[in-house]
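**Student:** One file: protein.pdb (PDB, N, CA, C and O atoms).
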```
MODEL        1
ATOM      1  N   MET Z 843      34.690  26.022 -24.903
ATOM      2  CA  MET Z 843      33.389  26.574 -25.195
ATOM      3  C   MET Z 843      32.465  26.498 -23.975
ATOM      4  O   MET Z 843      31.787  27.455 -23.656
ATOM      5  N   PHE Z 844      32.449  25.331 -23.316
ATOM      6  CA  PHE Z 844      31.563  25.176 -22.159
ATOM      7  C   PHE Z 844      32.022  26.016 -20.980
ATOM      8  O   PHE Z 844      31.197  26.490 -20.200
ATOM      9  N   SER Z 845      33.322  26.199 -20.849
ATOM     10  CA  SER Z 845      33.808  27.032 -19.746
ATOM     11  C   SER Z 845      33.421  28.489 -19.960
ATOM     12  O   SER Z 845      33.184  29.218 -19.001
ATOM     13  N   ALA Z 846      33.331  28.910 -21.224
ATOM     14  CA  ALA Z 846      32.893  30.282 -21.510
ATOM     15  C   ALA Z 846      31.424  30.462 -21.155
ATOM     16  O   ALA Z 846      31.024  31.503 -20.623
ATOM     17  N   ILE Z 847      30.618  29.442 -21.451
ATOM     18  CA  ILE Z 847      29.187  29.515 -21.116
ATOM     19  C   ILE Z 847      28.997  29.459 -19.600
ATOM     20  O   ILE Z 847      28.217  30.228 -19.031
ATOM     21  N   ALA Z 848      29.697  28.547 -18.940
ATOM     22  CA  ALA Z 848      29.542  28.370 -17.494
ATOM     23  C   ALA Z 848      30.014  29.585 -16.710
ATOM     24  O   ALA Z 848      29.454  29.920 -15.672
ATOM     25  N   SER Z 849      31.041  30.246 -17.219
ATOM     26  CA  SER Z 849      31.586  31.392 -16.479
ATOM     27  C   SER Z 849      31.061  32.726 -16.971
ATOM     28  O   SER Z 849      31.530  33.770 -16.526
ATOM     29  N   TYR Z 850      30.062  32.717 -17.848
ATOM     30  CA  TYR Z 850      29.464  33.963 -18.323
ATOM     31  C   TYR Z 850      28.806  34.684 -17.147
ATOM     32  O   TYR Z 850      27.997  34.108 -16.422
ATOM     33  N   MET Z 851      29.163  35.928 -16.963
ATOM     34  CA  MET Z 851      28.695  36.682 -15.798
ATOM     35  C   MET Z 851      27.401  37.447 -16.100
ATOM     36  O   MET Z 851      27.291  38.122 -17.114
ATOM     37  N   ILE Z 852      26.452  37.315 -15.196
ATOM     38  CA  ILE Z 852      25.225  38.112 -15.215
ATOM     39  C   ILE Z 852      25.142  38.777 -13.855
ATOM     40  O   ILE Z 852      25.029  38.090 -12.833
ATOM     41  N   PHE Z 853      25.220  40.083 -13.826
ATOM     42  CA  PHE Z 853      25.246  40.866 -12.588
ATOM     43  C   PHE Z 853      26.371  40.417 -11.663
ATOM     44  O   PHE Z 853      26.224  40.386 -10.440
ATOM     45  N   GLY Z 854      27.493  40.010 -12.241
ATOM     46  CA  GLY Z 854      28.655  39.628 -11.462
ATOM     47  C   GLY Z 854      28.634  38.218 -10.911
ATOM     48  O   GLY Z 854      29.480  37.857 -10.105
ATOM     49  N   ILE Z 855      27.668  37.400 -11.320
ATOM     50  CA  ILE Z 855      27.553  36.025 -10.841
ATOM     51  C   ILE Z 855      27.526  35.101 -12.061
ATOM     52  O   ILE Z 855      26.799  35.359 -13.015
ATOM     53  N   PRO Z 856      28.293  33.999 -12.027
ATOM     54  CA  PRO Z 856      28.314  33.082 -13.177
ATOM     55  C   PRO Z 856      26.964  32.407 -13.415
ATOM     56  O   PRO Z 856      26.167  32.216 -12.487
ATOM     57  N   VAL Z 857      26.729  32.026 -14.654
ATOM     58  CA  VAL Z 857      25.473  31.380 -15.045
ATOM     59  C   VAL Z 857      25.264  30.078 -14.286
ATOM     60  O   VAL Z 857      24.129  29.732 -13.939
ATOM     61  N   VAL Z 858      26.334  29.363 -13.994
ATOM     62  CA  VAL Z 858      26.225  28.082 -13.287
ATOM     63  C   VAL Z 858      25.595  28.271 -11.909
ATOM     64  O   VAL Z 858      24.809  27.440 -11.458
ATOM     65  N   ILE Z 859      25.906  29.345 -11.257
ATOM     66  CA  ILE Z 859      25.323  29.617  -9.930
ATOM     67  C   ILE Z 859      23.816  29.853 -10.066
ATOM     68  O   ILE Z 859      23.023  29.361  -9.246
ATOM     69  N   TYR Z 860      23.414  30.575 -11.100
ATOM     70  CA  TYR Z 860      21.984  30.791 -11.320
ATOM     71  C   TYR Z 860      21.260  29.477 -11.603
ATOM     72  O   TYR Z 860      20.160  29.237 -11.085
ATOM     73  N   LEU Z 861      21.877  28.614 -12.423
ATOM     74  CA  LEU Z 861      21.260  27.319 -12.698
ATOM     75  C   LEU Z 861      21.126  26.486 -11.428
ATOM     76  O   LEU Z 861      20.113  25.812 -11.226
ATOM     77  N   GLY Z 862      22.117  26.530 -10.568
ATOM     78  CA  GLY Z 862      22.041  25.801  -9.300
ATOM     79  C   GLY Z 862      20.950  26.344  -8.394
ATOM     80  O   GLY Z 862      20.223  25.581  -7.752
ATOM     81  N   ALA Z 863      20.814  27.660  -8.356
ATOM     82  CA  ALA Z 863      19.767  28.272  -7.515
ATOM     83  C   ALA Z 863      18.376  27.944  -8.053
ATOM     84  O   ALA Z 863      17.460  27.641  -7.275
ATOM     85  N   ILE Z 864      18.222  27.988  -9.371
ATOM     86  CA  ILE Z 864      16.926  27.644  -9.979
ATOM     87  C   ILE Z 864      16.590  26.191  -9.696
ATOM     88  O   ILE Z 864      15.441  25.857  -9.371
ATOM     89  N   THR Z 865      17.576  25.311  -9.796
ATOM     90  CA  THR Z 865      17.363  23.896  -9.524
ATOM     91  C   THR Z 865      16.939  23.672  -8.073
ATOM     92  O   THR Z 865      16.028  22.884  -7.796
ATOM     93  N   LEU Z 866      17.581  24.368  -7.145
ATOM     94  CA  LEU Z 866      17.220  24.229  -5.735
ATOM     95  C   LEU Z 866      15.793  24.702  -5.477
ATOM     96  O   LEU Z 866      15.020  24.026  -4.778
ATOM     97  N   VAL Z 867      15.410  25.824  -6.055
ATOM     98  CA  VAL Z 867      14.046  26.338  -5.867
ATOM     99  C   VAL Z 867      13.028  25.374  -6.468
ATOM    100  O   VAL Z 867      11.978  25.094  -5.856
ATOM    101  N   LEU Z 868      13.322  24.835  -7.648
ATOM    102  CA  LEU Z 868      12.406  23.874  -8.270
ATOM    103  C   LEU Z 868      12.298  22.595  -7.450
ATOM    104  O   LEU Z 868      11.207  22.023  -7.320
ATOM    105  N   LEU Z 869      13.404  22.158  -6.874
ATOM    106  CA  LEU Z 869      13.385  20.967  -6.034
ATOM    107  C   LEU Z 869      12.514  21.178  -4.797
ATOM    108  O   LEU Z 869      11.698  20.321  -4.437
ATOM    109  N   LEU Z 870      12.663  22.321  -4.161
ATOM    110  CA  LEU Z 870      11.844  22.628  -2.988
ATOM    111  C   LEU Z 870      10.370  22.768  -3.347
ATOM    112  O   LEU Z 870       9.488  22.331  -2.593
ATOM    113  N   PHE Z 871      10.085  23.372  -4.501
ATOM    114  CA  PHE Z 871       8.697  23.527  -4.944
ATOM    115  C   PHE Z 871       8.066  22.167  -5.235
ATOM    116  O   PHE Z 871       6.910  21.920  -4.872
ATOM    117  N   THR Z 872       8.827  21.273  -5.866
ATOM    118  CA  THR Z 872       8.328  19.930  -6.162
ATOM    119  C   THR Z 872       8.041  19.169  -4.873
ATOM    120  O   THR Z 872       7.017  18.489  -4.752
ATOM    121  N   ALA Z 873       8.919  19.284  -3.907
ATOM    122  CA  ALA Z 873       8.694  18.619  -2.620
ATOM    123  C   ALA Z 873       7.496  19.222  -1.885
ATOM    124  O   ALA Z 873       6.752  18.505  -1.209
ATOM    125  N   THR Z 874       7.305  20.519  -2.025
ATOM    126  CA  THR Z 874       6.171  21.176  -1.375
ATOM    127  C   THR Z 874       4.847  20.688  -1.939
ATOM    128  O   THR Z 874       3.881  20.504  -1.188
ATOM    129  N   ILE Z 875       4.794  20.462  -3.250
ATOM    130  CA  ILE Z 875       3.561  19.956  -3.863
ATOM    131  C   ILE Z 875       3.192  18.610  -3.252
ATOM    132  O   ILE Z 875       2.032  18.380  -2.873
ATOM    133  N   SER Z 876       4.164  17.731  -3.120
ATOM    134  CA  SER Z 876       3.904  16.409  -2.551
ATOM    135  C   SER Z 876       3.489  16.500  -1.083
ATOM    136  O   SER Z 876       2.540  15.836  -0.652
ATOM    137  N   THR Z 877       4.186  17.327  -0.326
ATOM    138  CA  THR Z 877       3.879  17.463   1.101
ATOM    139  C   THR Z 877       2.492  18.045   1.328
ATOM    140  O   THR Z 877       1.741  17.569   2.194
ATOM    141  N   LEU Z 878       2.121  19.048   0.558
ATOM    142  CA  LEU Z 878       0.792  19.641   0.713
ATOM    143  C   LEU Z 878      -0.307  18.655   0.362
ATOM    144  O   LEU Z 878      -1.349  18.613   1.015
ATOM    145  N   ASN Z 879      -0.095  17.856  -0.686
ATOM    146  CA  ASN Z 879      -1.114  16.883  -1.063
ATOM    147  C   ASN Z 879      -1.235  15.762  -0.043
ATOM    148  O   ASN Z 879      -2.329  15.227   0.142
ATOM    149  N   LYS Z 880      -0.157  15.400   0.630
ATOM    150  CA  LYS Z 880      -0.245  14.387   1.685
ATOM    151  C   LYS Z 880      -1.032  14.905   2.878
ATOM    152  O   LYS Z 880      -1.673  14.135   3.586
ATOM    153  N   ARG Z 881      -0.971  16.201   3.107
ATOM    154  CA  ARG Z 881      -1.710  16.805   4.223
ATOM    155  C   ARG Z 881      -3.106  17.257   3.826
ATOM    156  O   ARG Z 881      -3.749  18.008   4.542
ATOM    157  N   ARG Z 882      -3.546  16.815   2.656
ATOM    158  CA  ARG Z 882      -4.894  17.116   2.131
ATOM    159  C   ARG Z 882      -5.116  18.597   1.834
ATOM    160  O   ARG Z 882      -6.243  19.087   1.885
ATOM    161  N   ILE Z 883      -4.042  19.321   1.586
ATOM    162  CA  ILE Z 883      -4.154  20.714   1.154
ATOM    163  C   ILE Z 883      -3.961  20.698  -0.361
ATOM    164  O   ILE Z 883      -2.853  20.556  -0.860
ATOM    165  N   ARG Z 884      -5.029  20.822  -1.098
ATOM    166  CA  ARG Z 884      -5.012  20.608  -2.546
ATOM    167  C   ARG Z 884      -4.974  21.925  -3.330
ATOM    168  O   ARG Z 884      -5.801  22.169  -4.193
ATOM    169  N   ILE Z 885      -4.011  22.763  -3.012
ATOM    170  CA  ILE Z 885      -3.858  24.024  -3.747
ATOM    171  C   ILE Z 885      -3.344  23.742  -5.148
ATOM    172  O   ILE Z 885      -3.832  24.303  -6.130
ATOM    173  N   ILE Z 886      -2.353  22.866  -5.243
ATOM    174  CA  ILE Z 886      -1.755  22.495  -6.516
ATOM    175  C   ILE Z 886      -2.025  21.016  -6.729
ATOM    176  O   ILE Z 886      -1.727  20.183  -5.873
ATOM    177  N   HIS Z 887      -2.577  20.674  -7.880
ATOM    178  CA  HIS Z 887      -2.950  19.300  -8.167
ATOM    179  C   HIS Z 887      -1.705  18.413  -8.235
ATOM    180  O   HIS Z 887      -0.627  18.858  -8.626
ATOM    181  N   MET Z 888      -1.858  17.142  -7.883
ATOM    182  CA  MET Z 888      -0.725  16.220  -7.820
ATOM    183  C   MET Z 888      -0.094  15.964  -9.187
ATOM    184  O   MET Z 888       1.071  15.601  -9.268
ATOM    185  N   LYS Z 889      -0.836  16.171 -10.277
ATOM    186  CA  LYS Z 889      -0.254  15.935 -11.604
ATOM    187  C   LYS Z 889       0.903  16.903 -11.878
ATOM    188  O   LYS Z 889       1.781  16.603 -12.680
ATOM    189  N   TRP Z 890       0.925  18.039 -11.186
ATOM    190  CA  TRP Z 890       2.018  18.996 -11.359
ATOM    191  C   TRP Z 890       3.291  18.535 -10.682
ATOM    192  O   TRP Z 890       4.385  19.014 -11.005
ATOM    193  N   HIS Z 891       3.185  17.594  -9.735
ATOM    194  CA  HIS Z 891       4.366  17.092  -9.051
ATOM    195  C   HIS Z 891       5.314  16.404 -10.038
ATOM    196  O   HIS Z 891       6.517  16.668 -10.050
ATOM    197  N   SER Z 892       4.771  15.530 -10.873
ATOM    198  CA  SER Z 892       5.624  14.827 -11.835
ATOM    199  C   SER Z 892       6.134  15.772 -12.918
ATOM    200  O   SER Z 892       7.282  15.647 -13.366
ATOM    201  N   ARG Z 893       5.337  16.728 -13.325
ATOM    202  CA  ARG Z 893       5.779  17.700 -14.325
ATOM    203  C   ARG Z 893       6.936  18.547 -13.791
ATOM    204  O   ARG Z 893       7.916  18.792 -14.487
ATOM    205  N   MET Z 894       6.801  18.992 -12.560
ATOM    206  CA  MET Z 894       7.874  19.796 -11.964
ATOM    207  C   MET Z 894       9.125  18.947 -11.717
ATOM    208  O   MET Z 894      10.240  19.461 -11.781
ATOM    209  N   ALA Z 895       8.936  17.664 -11.463
ATOM    210  CA  ALA Z 895      10.090  16.780 -11.291
ATOM    211  C   ALA Z 895      10.882  16.684 -12.592
ATOM    212  O   ALA Z 895      12.123  16.709 -12.573
ATOM    213  N   TYR Z 896      10.202  16.585 -13.726
ATOM    214  CA  TYR Z 896      10.890  16.559 -15.017
ATOM    215  C   TYR Z 896      11.650  17.864 -15.269
ATOM    216  O   TYR Z 896      12.786  17.844 -15.739
ATOM    217  N   VAL Z 897      11.037  18.977 -14.953
ATOM    218  CA  VAL Z 897      11.697  20.274 -15.146
ATOM    219  C   VAL Z 897      12.911  20.394 -14.228
ATOM    220  O   VAL Z 897      13.980  20.877 -14.636
ATOM    221  N   THR Z 898      12.771  19.918 -12.996
ATOM    222  CA  THR Z 898      13.880  19.955 -12.038
ATOM    223  C   THR Z 898      15.042  19.095 -12.521
ATOM    224  O   THR Z 898      16.203  19.518 -12.453
ATOM    225  N   ILE Z 899      14.740  17.909 -13.022
ATOM    226  CA  ILE Z 899      15.793  17.029 -13.539
ATOM    227  C   ILE Z 899      16.492  17.672 -14.727
ATOM    228  O   ILE Z 899      17.722  17.598 -14.850
ATOM    229  N   PHE Z 900      15.744  18.329 -15.600
ATOM    230  CA  PHE Z 900      16.346  19.000 -16.754
ATOM    231  C   PHE Z 900      17.321  20.086 -16.311
ATOM    232  O   PHE Z 900      18.456  20.147 -16.798
ATOM    233  N   PHE Z 901      16.909  20.933 -15.382
ATOM    234  CA  PHE Z 901      17.789  21.999 -14.908
ATOM    235  C   PHE Z 901      18.997  21.440 -14.156
ATOM    236  O   PHE Z 901      20.108  21.962 -14.271
ATOM    237  N   ALA Z 902      18.798  20.363 -13.393
ATOM    238  CA  ALA Z 902      19.909  19.757 -12.665
ATOM    239  C   ALA Z 902      20.931  19.153 -13.629
ATOM    240  O   ALA Z 902      22.149  19.273 -13.418
ATOM    241  N   LEU Z 903      20.453  18.520 -14.689
ATOM    242  CA  LEU Z 903      21.371  17.969 -15.685
ATOM    243  C   LEU Z 903      22.133  19.068 -16.417
ATOM    244  O   LEU Z 903      23.340  18.929 -16.666
ATOM    245  N   CYS Z 904      21.458  20.150 -16.762
ATOM    246  CA  CYS Z 904      22.146  21.281 -17.408
ATOM    247  C   CYS Z 904      23.212  21.852 -16.483
ATOM    248  O   CYS Z 904      24.340  22.138 -16.919
ATOM    249  N   HIS Z 905      22.874  22.018 -15.235
ATOM    250  CA  HIS Z 905      23.808  22.548 -14.245
ATOM    251  C   HIS Z 905      25.028  21.634 -14.103
ATOM    252  O   HIS Z 905      26.175  22.089 -14.176
ATOM    253  N   ALA Z 906      24.785  20.349 -13.939
ATOM    254  CA  ALA Z 906      25.872  19.396 -13.748
ATOM    255  C   ALA Z 906      26.738  19.273 -14.994
ATOM    256  O   ALA Z 906      27.968  19.227 -14.899
ATOM    257  N   LEU Z 907      26.112  19.222 -16.156
ATOM    258  CA  LEU Z 907      26.883  19.100 -17.390
ATOM    259  C   LEU Z 907      27.756  20.317 -17.638
ATOM    260  O   LEU Z 907      28.889  20.192 -18.099
ATOM    261  N   LEU Z 908      27.242  21.501 -17.356
ATOM    262  CA  LEU Z 908      28.062  22.689 -17.533
ATOM    263  C   LEU Z 908      29.271  22.677 -16.606
ATOM    264  O   LEU Z 908      30.378  23.058 -17.002
ATOM    265  N   ILE Z 909      29.081  22.233 -15.394
ATOM    266  CA  ILE Z 909      30.209  22.173 -14.454
ATOM    267  C   ILE Z 909      31.222  21.118 -14.886
ATOM    268  O   ILE Z 909      32.423  21.362 -14.905
ATOM    269  N   ILE Z 910      30.725  19.941 -15.250
ATOM    270  CA  ILE Z 910      31.642  18.853 -15.633
ATOM    271  C   ILE Z 910      32.363  19.185 -16.931
ATOM    272  O   ILE Z 910      33.588  19.023 -17.025
ATOM    273  N   LEU Z 911      31.653  19.640 -17.935
ATOM    274  CA  LEU Z 911      32.275  19.909 -19.224
ATOM    275  C   LEU Z 911      33.162  21.150 -19.210
ATOM    276  O   LEU Z 911      34.066  21.256 -20.041
ATOM    277  N   SER Z 912      32.925  22.058 -18.306
ATOM    278  CA  SER Z 912      33.794  23.242 -18.240
ATOM    279  C   SER Z 912      35.137  22.926 -17.592
ATOM    280  O   SER Z 912      36.092  23.682 -17.731
ATOM    281  N   SER Z 913      35.219  21.794 -16.901
ATOM    282  CA  SER Z 913      36.490  21.447 -16.265
ATOM    283  C   SER Z 913      37.458  20.770 -17.237
ATOM    284  O   SER Z 913      38.625  20.624 -16.933
ATOM    285  N   PHE Z 914      36.970  20.345 -18.404
ATOM    286  CA  PHE Z 914      37.847  19.708 -19.399
ATOM    287  C   PHE Z 914      38.589  20.722 -20.215
ATOM    288  O   PHE Z 914      38.250  21.699 -20.631
TER     289      PHE Z 914
ENDMDL
END
```
For this file, produce the structure as structure tokens.
**Tutor:**
Amino acid sequence: MFSAIASYMIFGIPVVIYLGAITLVLLLFTATISTLNKRRIRIIHMKWHSRMAYVTIFFALCHALLIILSSF
């Protein structure tokens, strides 16, 4: 079942690849929030850093679980 979900193709690319790309973008965005606030550029408030970290962890866990469970 998990291998069917992980290998489901959207525009010729598996869903797992999309989850990995989304996770990478969220990780970079979360790091950018912290870096900008350290440099006193307050475009995005620091409270969003922890919120985006939770979202990033959720997507990373989904990505990892799909890869691990699809190999069984």
**Student:** What does the PyMOL selection byres (((chain Z and resi 914 and name CA) around 12) and name CA) select in this file, as a PyMOL selection string?
**Tutor:** chain Z and resi 843-846+907-913
**Student:** Compile the contact shell of region 850-858 of chain Z as an NGL selection string: residues with an atom at most 8 Å away, counting only N, CA, C and O atoms, same-chain residues fewer than 2 positions apart removed.
**Tutor:** :Z and (844-848 or 860-865 or 901 or 904-906 or 908-909)
**Student:** For CA of Lys889 (chain Z) and atom N of Ile859 (chain Z), quote the distance in Å rounded to one decimal.
**Tutor:**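 Rounded to one decimal, the two atoms are 29.4 Å apart.
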**Student:** Closest to Trp890 (chain Z) among Z:Thr877, Z:Leu866, Z:Phe871, Z:Ala902, using all atoms listed in the file?
**Tutor:**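 Selected residue with least distance to Trp890 (chain Z): Z:Phe871.
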**Student:** Determine which residues of chain Z receive a DSSP assignment of helix (DSSP H, G or I), computed from the backbone, and state them as a compact mmCIF listing (two decimals) with N, CA, C and O atoms, in the coordinates of the input.
**Tutor:**
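Just written: selection17.txt:
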```txt
# COMPACT_ATOMS: atom_id res chain seq x y z
N PHE Z 844 32.45 25.33 -23.32
CA PHE Z 844 31.56 25.18 -22.16
C PHE Z 844 32.02 26.02 -20.98
O PHE Z 844 31.20 26.49 -20.20
N SER Z 845 33.32 26.20 -20.85
CA SER Z 845 33.81 27.03 -19.75
C SER Z 845 33.42 28.49 -19.96
O SER Z 845 33.18 29.22 -19.00
N ALA Z 846 33.33 28.91 -21.22
CA ALA Z 846 32.89 30.28 -21.51
C ALA Z 846 31.42 30.46 -21.16
O ALA Z 846 31.02 31.50 -20.62
N ILE Z 847 30.62 29.44 -21.45
CA ILE Z 847 29.19 29.52 -21.12
C ILE Z 847 29.00 29.46 -19.60
O ILE Z 847 28.22 30.23 -19.03
N ALA Z 848 29.70 28.55 -18.94
CA ALA Z 848 29.54 28.37 -17.49
C ALA Z 848 30.01 29.58 -16.71
O ALA Z 848 29.45 29.92 -15.67
N VAL Z 857 26.73 32.03 -14.65
CA VAL Z 857 25.47 31.38 -15.04
C VAL Z 857 25.26 30.08 -14.29
O VAL Z 857 24.13 29.73 -13.94
N VAL Z 858 26.33 29.36 -13.99
CA VAL Z 858 26.22 28.08 -13.29
C VAL Z 858 25.60 28.27 -11.91
O VAL Z 858 24.81 27.44 -11.46
N ILE Z 859 25.91 29.34 -11.26
CA ILE Z 859 25.32 29.62 -9.93
C ILE Z 859 23.82 29.85 -10.07
O ILE Z 859 23.02 29.36 -9.25
N TYR Z 860 23.41 30.58 -11.10
CA TYR Z 860 21.98 30.79 -11.32
C TYR Z 860 21.26 29.48 -11.60
O TYR Z 860 20.16 29.24 -11.08
N LEU Z 861 21.88 28.61 -12.42
CA LEU Z 861 21.26 27.32 -12.70
C LEU Z 861 21.13 26.49 -11.43
O LEU Z 861 20.11 25.81 -11.23
N GLY Z 862 22.12 26.53 -10.57
CA GLY Z 862 22.04 25.80 -9.30
C GLY Z 862 20.95 26.34 -8.39
O GLY Z 862 20.22 25.58 -7.75
N ALA Z 863 20.81 27.66 -8.36
CA ALA Z 863 19.77 28.27 -7.52
C ALA Z 863 18.38 27.94 -8.05
O ALA Z 863 17.46 27.64 -7.28
N ILE Z 864 18.22 27.99 -9.37
CA ILE Z 864 16.93 27.64 -9.98
C ILE Z 864 16.59 26.19 -9.70
O ILE Z 864 15.44 25.86 -9.37
N THR Z 865 17.58 25.31 -9.80
CA THR Z 865 17.36 23.90 -9.52
C THR Z 865 16.94 23.67 -8.07
O THR Z 865 16.03 22.88 -7.80
N LEU Z 866 17.58 24.37 -7.14
CA LEU Z 866 17.22 24.23 -5.74
C LEU Z 866 15.79 24.70 -5.48
O LEU Z 866 15.02 24.03 -4.78
N VAL Z 867 15.41 25.82 -6.06
CA VAL Z 867 14.05 26.34 -5.87
C VAL Z 867 13.03 25.37 -6.47
O VAL Z 867 11.98 25.09 -5.86
N LEU Z 868 13.32 24.84 -7.65
CA LEU Z 868 12.41 23.87 -8.27
C LEU Z 868 12.30 22.60 -7.45
O LEU Z 868 11.21 22.02 -7.32
N LEU Z 869 13.40 22.16 -6.87
CA LEU Z 869 13.38 20.97 -6.03
C LEU Z 869 12.51 21.18 -4.80
O LEU Z 869 11.70 20.32 -4.44
N LEU Z 870 12.66 22.32 -4.16
CA LEU Z 870 11.84 22.63 -2.99
C LEU Z 870 10.37 22.77 -3.35
O LEU Z 870 9.49 22.33 -2.59
N PHE Z 871 10.09 23.37 -4.50
CA PHE Z 871 8.70 23.53 -4.94
C PHE Z 871 8.07 22.17 -5.24
O PHE Z 871 6.91 21.92 -4.87
N THR Z 872 8.83 21.27 -5.87
CA THR Z 872 8.33 19.93 -6.16
C THR Z 872 8.04 19.17 -4.87
O THR Z 872 7.02 18.49 -4.75
N ALA Z 873 8.92 19.28 -3.91
CA ALA Z 873 8.69 18.62 -2.62
C ALA Z 873 7.50 19.22 -1.88
O ALA Z 873 6.75 18.50 -1.21
N THR Z 874 7.30 20.52 -2.02
CA THR Z 874 6.17 21.18 -1.38
C THR Z 874 4.85 20.69 -1.94
O THR Z 874 3.88 20.50 -1.19
N ILE Z 875 4.79 20.46 -3.25
CA ILE Z 875 3.56 19.96 -3.86
C ILE Z 875 3.19 18.61 -3.25
O ILE Z 875 2.03 18.38 -2.87
N SER Z 876 4.16 17.73 -3.12
CA SER Z 876 3.90 16.41 -2.55
C SER Z 876 3.49 16.50 -1.08
O SER Z 876 2.54 15.84 -0.65
N THR Z 877 4.19 17.33 -0.33
CA THR Z 877 3.88 17.46 1.10
C THR Z 877 2.49 18.05 1.33
O THR Z 877 1.74 17.57 2.19
N LEU Z 878 2.12 19.05 0.56
CA LEU Z 878 0.79 19.64 0.71
C LEU Z 878 -0.31 18.66 0.36
O LEU Z 878 -1.35 18.61 1.01
N ASN Z 879 -0.10 17.86 -0.69
CA ASN Z 879 -1.11 16.88 -1.06
C ASN Z 879 -1.24 15.76 -0.04
O ASN Z 879 -2.33 15.23 0.14
N LYS Z 880 -0.16 15.40 0.63
CA LYS Z 880 -0.24 14.39 1.68
C LYS Z 880 -1.03 14.90 2.88
O LYS Z 880 -1.67 14.14 3.59
N LYS Z 889 -0.84 16.17 -10.28
CA LYS Z 889 -0.25 15.94 -11.60
C LYS Z 889 0.90 16.90 -11.88
O LYS Z 889 1.78 16.60 -12.68
N TRP Z 890 0.92 18.04 -11.19
CA TRP Z 890 2.02 19.00 -11.36
C TRP Z 890 3.29 18.54 -10.68
O TRP Z 890 4.38 19.01 -11.00
N HIS Z 891 3.18 17.59 -9.74
CA HIS Z 891 4.37 17.09 -9.05
C HIS Z 891 5.31 16.40 -10.04
O HIS Z 891 6.52 16.67 -10.05
N SER Z 892 4.77 15.53 -10.87
CA SER Z 892 5.62 14.83 -11.84
C SER Z 892 6.13 15.77 -12.92
O SER Z 892 7.28 15.65 -13.37
N ARG Z 893 5.34 16.73 -13.32
CA ARG Z 893 5.78 17.70 -14.32
C ARG Z 893 6.94 18.55 -13.79
O ARG Z 893 7.92 18.79 -14.49
N MET Z 894 6.80 18.99 -12.56
CA MET Z 894 7.87 19.80 -11.96
C MET Z 894 9.12 18.95 -11.72
O MET Z 894 10.24 19.46 -11.78
N ALA Z 895 8.94 17.66 -11.46
CA ALA Z 895 10.09 16.78 -11.29
C ALA Z 895 10.88 16.68 -12.59
O ALA Z 895 12.12 16.71 -12.57
N TYR Z 896 10.20 16.58 -13.73
CA TYR Z 896 10.89 16.56 -15.02
C TYR Z 896 11.65 17.86 -15.27
O TYR Z 896 12.79 17.84 -15.74
N VAL Z 897 11.04 18.98 -14.95
CA VAL Z 897 11.70 20.27 -15.15
C VAL Z 897 12.91 20.39 -14.23
O VAL Z 897 13.98 20.88 -14.64
N THR Z 898 12.77 19.92 -13.00
CA THR Z 898 13.88 19.95 -12.04
C THR Z 898 15.04 19.10 -12.52
O THR Z 898 16.20 19.52 -12.45
N ILE Z 899 14.74 17.91 -13.02
CA ILE Z 899 15.79 17.03 -13.54
C ILE Z 899 16.49 17.67 -14.73
O ILE Z 899 17.72 17.60 -14.85
N PHE Z 900 15.74 18.33 -15.60
CA PHE Z 900 16.35 19.00 -16.75
C PHE Z 900 17.32 20.09 -16.31
O PHE Z 900 18.46 20.15 -16.80
N PHE Z 901 16.91 20.93 -15.38
CA PHE Z 901 17.79 22.00 -14.91
C PHE Z 901 19.00 21.44 -14.16
O PHE Z 901 20.11 21.96 -14.27
N ALA Z 902 18.80 20.36 -13.39
CA ALA Z 902 19.91 19.76 -12.66
C ALA Z 902 20.93 19.15 -13.63
O ALA Z 902 22.15 19.27 -13.42
N LEU Z 903 20.45 18.52 -14.69
CA LEU Z 903 21.37 17.97 -15.68
C LEU Z 903 22.13 19.07 -16.42
O LEU Z 903 23.34 18.93 -16.67
N CYS Z 904 21.46 20.15 -16.76
CA CYS Z 904 22.15 21.28 -17.41
C CYS Z 904 23.21 21.85 -16.48
O CYS Z 904 24.34 22.14 -16.92
N HIS Z 905 22.87 22.02 -15.24
CA HIS Z 905 23.81 22.55 -14.24
C HIS Z 905 25.03 21.63 -14.10
O HIS Z 905 26.18 22.09 -14.18
N ALA Z 906 24.78 20.35 -13.94
CA ALA Z 906 25.87 19.40 -13.75
C ALA Z 906 26.74 19.27 -14.99
O ALA Z 906 27.97 19.23 -14.90
N LEU Z 907 26.11 19.22 -16.16
CA LEU Z 907 26.88 19.10 -17.39
C LEU Z 907 27.76 20.32 -17.64
O LEU Z 907 28.89 20.19 -18.10
N LEU Z 908 27.24 21.50 -17.36
CA LEU Z 908 28.06 22.69 -17.53
C LEU Z 908 29.27 22.68 -16.61
O LEU Z 908 30.38 23.06 -17.00
N ILE Z 909 29.08 22.23 -15.39
CA ILE Z 909 30.21 22.17 -14.45
C ILE Z 909 31.22 21.12 -14.89
O ILE Z 909 32.42 21.36 -14.90
N ILE Z 910 30.72 19.94 -15.25
CA ILE Z 910 31.64 18.85 -15.63
C ILE Z 910 32.36 19.18 -16.93
O ILE Z 910 33.59 19.02 -17.02
N LEU Z 911 31.65 19.64 -17.93
CA LEU Z 911 32.28 19.91 -19.22
C LEU Z 911 33.16 21.15 -19.21
O LEU Z 911 34.07 21.26 -20.04
N SER Z 912 32.92 22.06 -18.31
CA SER Z 912 33.79 23.24 -18.24
C SER Z 912 35.14 22.93 -17.59
O SER Z 912 36.09 23.68 -17.73
```
**Student:** List the residues matched by the PyMOL selection byres (((chain Z and resi 892 and name CA) around 12) and name CA) in the displayed structure as a list in words, ordered by chain and then by residue number.
**Tutor:**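 Residues picked by the PyMOL selection byres (((chain Z and resi 892 and name CA) around 12) and name CA): Leu868, Leu869, Phe871, Thr872, Ala873, Ile875, Ser876, Ile886, His887, Met888, Lys889, Trp890, His891, Arg893, Met894, Ala895, Tyr896, Val897, Thr898 and Ile899 of chain Z.
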